[in-house]
Structures are given as structure tokens and as C-alpha cells.
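Pasting coords-v1.cif here (mmCIF, C-alpha atoms):
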data_work
loop_
_atom_site.group_PDB
_atom_site.id
_atom_site.type_symbol
_atom_site.label_atom_id
_atom_site.label_comp_id
_atom_site.auth_asym_id
_atom_site.auth_seq_id
_atom_site.Cartn_x
_atom_site.Cartn_y
_atom_site.Cartn_z
ATOM 1 C CA MET G 1 25.692 2.182 -0.994
ATOM 2 C CA GLN G 2 24.676 0.897 -4.423
ATOM 3 C CA ASN G 3 26.932 -2.146 -3.994
ATOM 4 C CA ASN G 4 24.868 -3.056 -0.896
ATOM 5 C CA VAL G 5 21.733 -3.153 -3.039
ATOM 6 C CA GLU G 6 23.566 -5.159 -5.698
ATOM 7 C CA ARG G 7 24.682 -7.645 -3.024
ATOM 8 C CA VAL G 8 21.061 -8.069 -1.884
ATOM 9 C CA VAL G 9 19.846 -8.505 -5.481
ATOM 10 C CA GLU G 10 22.519 -11.147 -6.056
ATOM 11 C CA VAL G 11 21.384 -13.144 -3.004
ATOM 12 C CA LEU G 12 17.709 -12.783 -3.927
ATOM 13 C CA ARG G 13 18.390 -14.111 -7.421
ATOM 14 C CA ALA G 14 20.563 -16.956 -6.131
ATOM 15 C CA GLU G 15 17.795 -17.960 -3.696
ATOM 16 C CA GLY G 16 15.097 -17.818 -6.385
ATOM 17 C CA ALA G 17 13.215 -14.985 -4.696
ATOM 18 C CA THR G 18 10.366 -13.650 -6.795
ATOM 19 C CA GLY G 19 10.274 -9.932 -5.937
ATOM 20 C CA GLU G 20 12.195 -7.136 -7.614
ATOM 21 C CA VAL G 21 14.030 -4.412 -5.700
ATOM 22 C CA ARG G 22 12.206 -1.104 -5.862
ATOM 23 C CA MET G 23 13.822 2.273 -5.278
ATOM 24 C CA LEU G 24 11.681 4.696 -3.282
ATOM 25 C CA GLU G 25 11.645 8.391 -4.044
ATOM 26 C CA ASP G 26 12.108 9.254 -0.365
ATOM 27 C CA SER G 27 14.232 7.551 2.260
ATOM 28 C CA ALA G 28 12.371 4.970 4.323
ATOM 29 C CA PRO G 29 14.435 4.444 7.493
ATOM 30 C CA THR G 30 11.379 3.454 9.563
ATOM 31 C CA ALA G 31 8.474 1.064 9.065
ATOM 32 C CA ALA G 32 6.017 3.969 9.054
ATOM 33 C CA THR G 33 7.851 5.871 6.315
ATOM 34 C CA ALA G 34 8.339 2.715 4.246
ATOM 35 C CA ALA G 35 4.643 1.822 4.556
ATOM 36 C CA ALA G 36 3.601 5.343 3.587
ATOM 37 C CA GLY G 37 5.913 5.298 0.561
ATOM 38 C CA LEU G 38 4.575 1.936 -0.584
ATOM 39 C CA GLY G 39 0.914 2.491 0.259
ATOM 40 C CA VAL G 40 0.749 -0.577 2.514
ATOM 41 C CA GLU G 41 0.037 -1.260 6.184
ATOM 42 C CA VAL G 42 2.875 -0.725 8.671
ATOM 43 C CA ALA G 43 2.478 -4.364 9.760
ATOM 44 C CA GLN G 44 3.502 -5.434 6.217
ATOM 45 C CA ILE G 45 6.972 -3.973 6.673
ATOM 46 C CA ALA G 46 9.531 -6.618 7.633
ATOM 47 C CA ASN G 47 11.983 -4.688 9.826
ATOM 48 C CA SER G 48 15.465 -6.200 10.006
ATOM 49 C CA LEU G 49 16.665 -5.429 13.529
ATOM 50 C CA VAL G 50 20.021 -6.496 14.899
ATOM 51 C CA PHE G 51 20.327 -7.539 18.532
ATOM 52 C CA VAL G 52 22.998 -9.189 20.651
ATOM 53 C CA ALA G 53 21.966 -12.484 22.247
ATOM 54 C CA ASP G 54 24.405 -13.718 24.875
ATOM 55 C CA GLY G 55 27.212 -11.900 23.052
ATOM 56 C CA GLU G 56 26.327 -13.105 19.530
ATOM 57 C CA PRO G 57 24.636 -11.029 16.799
ATOM 58 C CA LEU G 58 21.003 -11.925 16.160
ATOM 59 C CA LEU G 59 18.855 -10.647 13.299
ATOM 60 C CA VAL G 60 15.164 -10.329 14.102
ATOM 61 C CA ILE G 61 12.852 -9.703 11.173
ATOM 62 C CA ALA G 62 9.832 -8.207 12.885
ATOM 63 C CA SER G 63 6.552 -6.787 11.677
ATOM 64 C CA GLY G 64 6.721 -3.008 11.538
ATOM 65 C CA GLY G 65 3.501 -2.861 13.525
ATOM 66 C CA ARG G 66 5.030 -4.352 16.661
ATOM 67 C CA ARG G 67 7.983 -4.002 18.990
ATOM 68 C CA VAL G 68 10.209 -6.978 19.792
ATOM 69 C CA ASP G 69 9.723 -8.442 23.267
ATOM 70 C CA THR G 70 13.330 -9.330 24.080
ATOM 71 C CA THR G 71 12.370 -11.228 27.241
ATOM 72 C CA LEU G 72 9.911 -13.442 25.328
ATOM 73 C CA LEU G 73 12.405 -13.936 22.521
ATOM 74 C CA ALA G 74 15.201 -14.872 24.937
ATOM 75 C CA GLN G 75 12.905 -17.554 26.408
ATOM 76 C CA HIS G 76 12.104 -18.910 22.922
ATOM 77 C CA LEU G 77 15.773 -19.043 21.973
ATOM 78 C CA GLY G 78 17.104 -20.320 25.302
ATOM 79 C CA VAL G 79 19.448 -17.375 25.860
ATOM 80 C CA ALA G 80 19.940 -15.349 29.016
ATOM 81 C CA LYS G 81 19.807 -11.839 27.597
ATOM 82 C CA ILE G 82 19.011 -10.009 24.374
ATOM 83 C CA ARG G 83 19.794 -6.334 23.833
ATOM 84 C CA ARG G 84 19.818 -3.974 20.834
ATOM 85 C CA ALA G 85 23.090 -3.869 18.928
ATOM 86 C CA ASP G 86 24.895 -0.562 18.580
ATOM 87 C CA PRO G 87 25.262 0.978 15.088
ATOM 88 C CA GLU G 88 28.918 -0.050 14.799
ATOM 89 C CA LEU G 89 28.134 -3.723 15.416
ATOM 90 C CA VAL G 90 25.233 -3.572 12.960
ATOM 91 C CA ARG G 91 27.438 -2.168 10.215
ATOM 92 C CA SER G 92 30.474 -4.355 10.936
ATOM 93 C CA HIS G 93 28.487 -7.587 11.046
ATOM 94 C CA THR G 94 25.888 -6.991 8.341
ATOM 95 C CA GLY G 95 27.594 -4.442 6.098
ATOM 96 C CA PHE G 96 24.477 -2.261 6.267
ATOM 97 C CA ALA G 97 23.701 0.919 8.155
ATOM 98 C CA ILE G 98 20.668 1.091 10.422
ATOM 99 C CA GLY G 99 17.680 2.083 8.295
ATOM 100 C CA GLY G 100 18.758 -0.069 5.363
ATOM 101 C CA VAL G 101 19.527 -3.448 6.935
ATOM 102 C CA ALA G 102 18.345 -6.152 4.570
ATOM 103 C CA PRO G 103 17.312 -9.635 5.695
ATOM 104 C CA VAL G 104 19.944 -11.159 3.348
ATOM 105 C CA GLY G 105 23.367 -10.302 1.945
ATOM 106 C CA HIS G 106 25.172 -9.838 5.240
ATOM 107 C CA ARG G 107 28.926 -9.610 5.525
ATOM 108 C CA ASN G 108 28.941 -12.417 8.099
ATOM 109 C CA PRO G 109 26.481 -15.237 8.792
ATOM 110 C CA ILE G 110 23.920 -14.239 11.397
ATOM 111 C CA ARG G 111 21.333 -16.255 13.286
ATOM 112 C CA THR G 112 17.929 -15.059 12.119
ATOM 113 C CA VAL G 113 14.464 -15.082 13.655
ATOM 114 C CA VAL G 114 11.375 -14.203 11.605
ATOM 115 C CA ASP G 115 8.313 -12.840 13.396
ATOM 116 C CA ASN G 116 5.476 -15.252 12.712
ATOM 117 C CA SER G 117 2.948 -12.395 12.627
ATOM 118 C CA LEU G 118 4.277 -11.594 9.139
ATOM 119 C CA ALA G 119 2.479 -14.759 7.980
ATOM 120 C CA GLU G 120 -0.788 -12.801 8.239
ATOM 121 C CA TRP G 121 0.099 -10.997 4.992
ATOM 122 C CA ASP G 122 0.349 -12.326 1.420
ATOM 123 C CA GLU G 123 3.024 -9.715 0.713
ATOM 124 C CA VAL G 124 5.536 -8.081 3.025
ATOM 125 C CA TRP G 125 8.270 -5.562 2.201
ATOM 126 C CA ALA G 126 11.862 -5.617 3.405
ATOM 127 C CA ALA G 127 14.805 -3.242 3.083
ATOM 128 C CA ALA G 128 17.215 -4.014 0.273
ATOM 129 C CA GLY G 129 20.477 -2.615 1.637
ATOM 130 C CA HIS G 130 19.786 1.126 1.470
ATOM 131 C CA PRO G 131 17.131 3.406 3.051
ATOM 132 C CA HIS G 132 15.648 4.044 -0.431
ATOM 133 C CA SER G 133 15.449 0.389 -1.509
ATOM 134 C CA VAL G 134 12.903 -2.301 -0.672
ATOM 135 C CA PHE G 135 11.683 -5.590 -2.092
ATOM 136 C CA PRO G 136 8.432 -7.531 -1.819
ATOM 137 C CA THR G 137 8.421 -11.049 -0.485
ATOM 138 C CA SER G 138 6.219 -13.443 1.448
ATOM 139 C CA TYR G 139 6.582 -14.863 4.929
ATOM 140 C CA ASP G 140 7.408 -18.336 3.602
ATOM 141 C CA GLU G 141 9.941 -16.953 1.141
ATOM 142 C CA LEU G 142 11.501 -14.820 3.889
ATOM 143 C CA LEU G 143 11.947 -17.892 6.066
ATOM 144 C CA ARG G 144 13.495 -19.790 3.159
ATOM 145 C CA ILE G 145 15.914 -17.137 1.892
ATOM 146 C CA THR G 146 17.144 -16.214 5.380
ATOM 147 C CA GLY G 147 17.241 -19.714 6.875
ATOM 148 C CA GLY G 148 15.370 -18.070 9.739
ATOM 149 C CA GLU G 149 13.542 -19.569 12.672
ATOM 150 C CA ALA G 150 9.850 -18.702 13.080
ATOM 151 C CA HIS G 151 8.930 -17.271 16.483
ATOM 152 C CA ASP G 152 6.401 -14.980 18.086
ATOM 153 C CA VAL G 153 8.585 -11.985 18.917
ATOM 154 C CA ARG G 154 5.936 -9.326 19.322
ATOM 155 C CA ALA G 155 5.207 -7.034 22.193
ATOM 156 C CA GLU G 156 1.883 -5.242 21.885
ATOM 157 C CA GLN G 157 2.296 -1.591 21.025
ATOM 158 C CA ALA G 158 1.156 0.695 23.780
ATOM 159 C CA PRO G 159 -1.841 2.780 22.749
ATOM 160 C CA THR G 160 -0.991 6.377 21.972
ATOM 161 C CA THR G 161 -2.902 9.091 23.769
#
Show the structure stored in the file as C-alpha cells.
Amino acid sequence: MQNNVERVVEVLRAEGATGEVRMLEDSAPTAATAAAGLGVEVAQIANSLVFVADGEPLLVIASGGRRVDTTLLAQHLGVAKIRRADPELVRSHTGFAIGGVAPVGHRNPIRTVVDNSLAEWDEVWAAAGHPHSVFPTSYDELLRITGGEAHDVRAEQAPTT
């Protein structure tokens, strides 16, 4: 797994990203656990989620405080259907396992969408290729280093009772 982190670091350096990869004491496979480990809001976690859009892999970098509305996103992107990718497709296309998918350093090029709600924060945190590794970045930097498209991808979270 360490070579995954090294691959992410290499891309971050090549792209002139400003943040340094940080290793967390505990695994952070979810936005809530990552936020707790970093002492930040869940909405500051930039989740890298892989979907399939009309048969093609699609990376959606979404705020950890929201779910992705696949119907809304399909309309924005002009595709018929978007569904979650299975773990095998995630690993084969990105080189990362679910829980450690980074926004950069993928095995194969992947169309990327960045949730525009991440712009609300000066600093957001993304996975760095392993469930224990993260790096700080900004919304603008995330758009630049991923070549991503900015879209509103959020579905409101249902209130918990």
C-alpha cells in the first residue's frame, strides 16, 4: 500500500500542490472517521467516490457531509445513468481500494467531478492512497490537480431520528 501513497505524493509534487501527506494513527475509511481523526468538520472531507456513468468510470469528489444525487449529476453531465462502481472496478481503474481512493494518482485516466460545496471551506482533506493517509488541499487546488469539473452533486442528508 505504501507505493500507492508514494504515487499520490509524486502527483501532488508534480502538480505543485501545497499540502503534505499526513498519516493518521487510526484508519479513516469514512468521512466521519477521517474528520474525527483530523479534528475537522465532516463536510471538509473530500470523499473520492467511483461511479459508472453510461459504462465509463467517473470519479466524484464529494463533501463528506452530503450524499451524491446521481440523478442530478447525470443531468449535469448529460448521461443516462450513474451507478456506484463495484470494488473490483474501483481497484482495477484507480489502483486504490475503497476507503483509500485518492483524487489523483490513478492507474488510468478518469473523468472527475468536484462537488462545488467544497468551495465553502478554506481547507479540505482528501485520502492519499491508503485508509491511514490524507492530505490537505483547497477546492481550487483540487479542481486544478484533478482536472475536474465543478458541479453541484449533493443530495441533502436525511435527518436522523
May I have a table of the residues of range 84-137 of chain G lying at most 8 Å from range 41-65 of chain G, giving each one's closest pair of atoms and their distance in Å to one decimal, counting all atoms listed in the file, ordered by chain and ascending residue number, as a Markdown table?
| residue | atom | partner | partner_atom | distance |
| --- | --- | --- | --- | --- |
| G:Arg84 | CA | G:Phe51 | CA | 4.3 |
| G:Ala85 | CA | G:Phe51 | CA | 4.6 |
| G:Val90 | CA | G:Val50 | CA | 6.3 |
| G:His93 | CA | G:Pro57 | CA | 7.7 |
| G:Val101 | CA | G:Ser48 | CA | 5.8 |
| G:Ala102 | CA | G:Ser48 | CA | 6.2 |
| G:Pro103 | CA | G:Ser48 | CA | 5.8 |
| G:Ile110 | CA | G:Leu58 | CA | 6.0 |
| G:Arg111 | CA | G:Leu58 | CA | 5.2 |
| G:Thr112 | CA | G:Leu59 | CA | 4.7 |
| G:Val113 | CA | G:Val60 | CA | 4.8 |
| G:Val114 | CA | G:Ile61 | CA | 4.8 |
| G:Asp115 | CA | G:Ala62 | CA | 4.9 |
| G:Ser117 | CA | G:Ser63 | CA | 6.7 |
| G:Leu118 | CA | G:Ser63 | CA | 5.9 |
| G:Trp121 | CA | G:Gln44 | CA | 6.6 |
| G:Glu123 | CA | G:Gln44 | CA | 7.0 |
| G:Val124 | CA | G:Gln44 | CA | 4.6 |
| G:Trp125 | CA | G:Ile45 | CA | 4.9 |
| G:Ala126 | CA | G:Ala46 | CA | 4.9 |
| G:Ala127 | CA | G:Asn47 | CA | 7.5 |
*Just give me the gap between CA of Val134 in chain G and CA of Val21 in chain G in Å, one decimal is fine.*
5.6 Å
*So how far away is CA of Ala17 in chain G from CA of Thr137 in chain G, in Å?*
7.5 Å
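What separates CA of Tyr139 in chain G from CA of Ala119 in chain G is a distance of 5.1 Å.
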*Selection result of the PyMOL selection byres ((chain G and resi 23) around 9) on this file, as an MDAnalysis selection string*: chainID G and resid 21:22 24:26 132:135
Box for range 95-110 of chain G: with edges along x, y and z, all listed atoms inside and 3 Å added on each side, what are the centre and edge lengths in Å to one decimal, as lines of an AutoDock Vina configuration file?
center_x = 23.1
center_y = -6.6
center_z = 6.7
size_x = 17.6
size_y = 23.3
size_z = 15.5
*Ile98 in chain G environment, 8 Å, all atoms listed in the file, sequence neighbours closer than 6 positions dropped, as a PyMOL selection string*: chain G and resi 29+87+90-91
Could those residues be written to a file, using C-alpha atoms, as a compact mmCIF listing (two decimals), in the frame of the given file?
# COMPACT_ATOMS: atom_id res chain seq x y z
CA PRO G 29 14.44 4.44 7.49
CA PRO G 87 25.26 0.98 15.09
CA VAL G 90 25.23 -3.57 12.96
CA ARG G 91 27.44 -2.17 10.22
*Let me know the residues the PyMOL selection byres ((chain G and resi 76) around 12) catches in the file above, as a PyMOL selection string.*
chain G and resi 53+69-75+77-82+113+115+149-154
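When all atoms listed in the file are used to compute distances to Val68 in chain G, the closest of the residues G:Pro136, G:Arg83, G:Val5, G:Ala31 turns out to be G:Arg83.
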*asked:* Restricting the calculation to all atoms listed in the file: of G:Gly19, G:Asn4, G:Pro109, G:Val11, which residue gets closest to Ser138 in chain G?
replied: G:Gly19
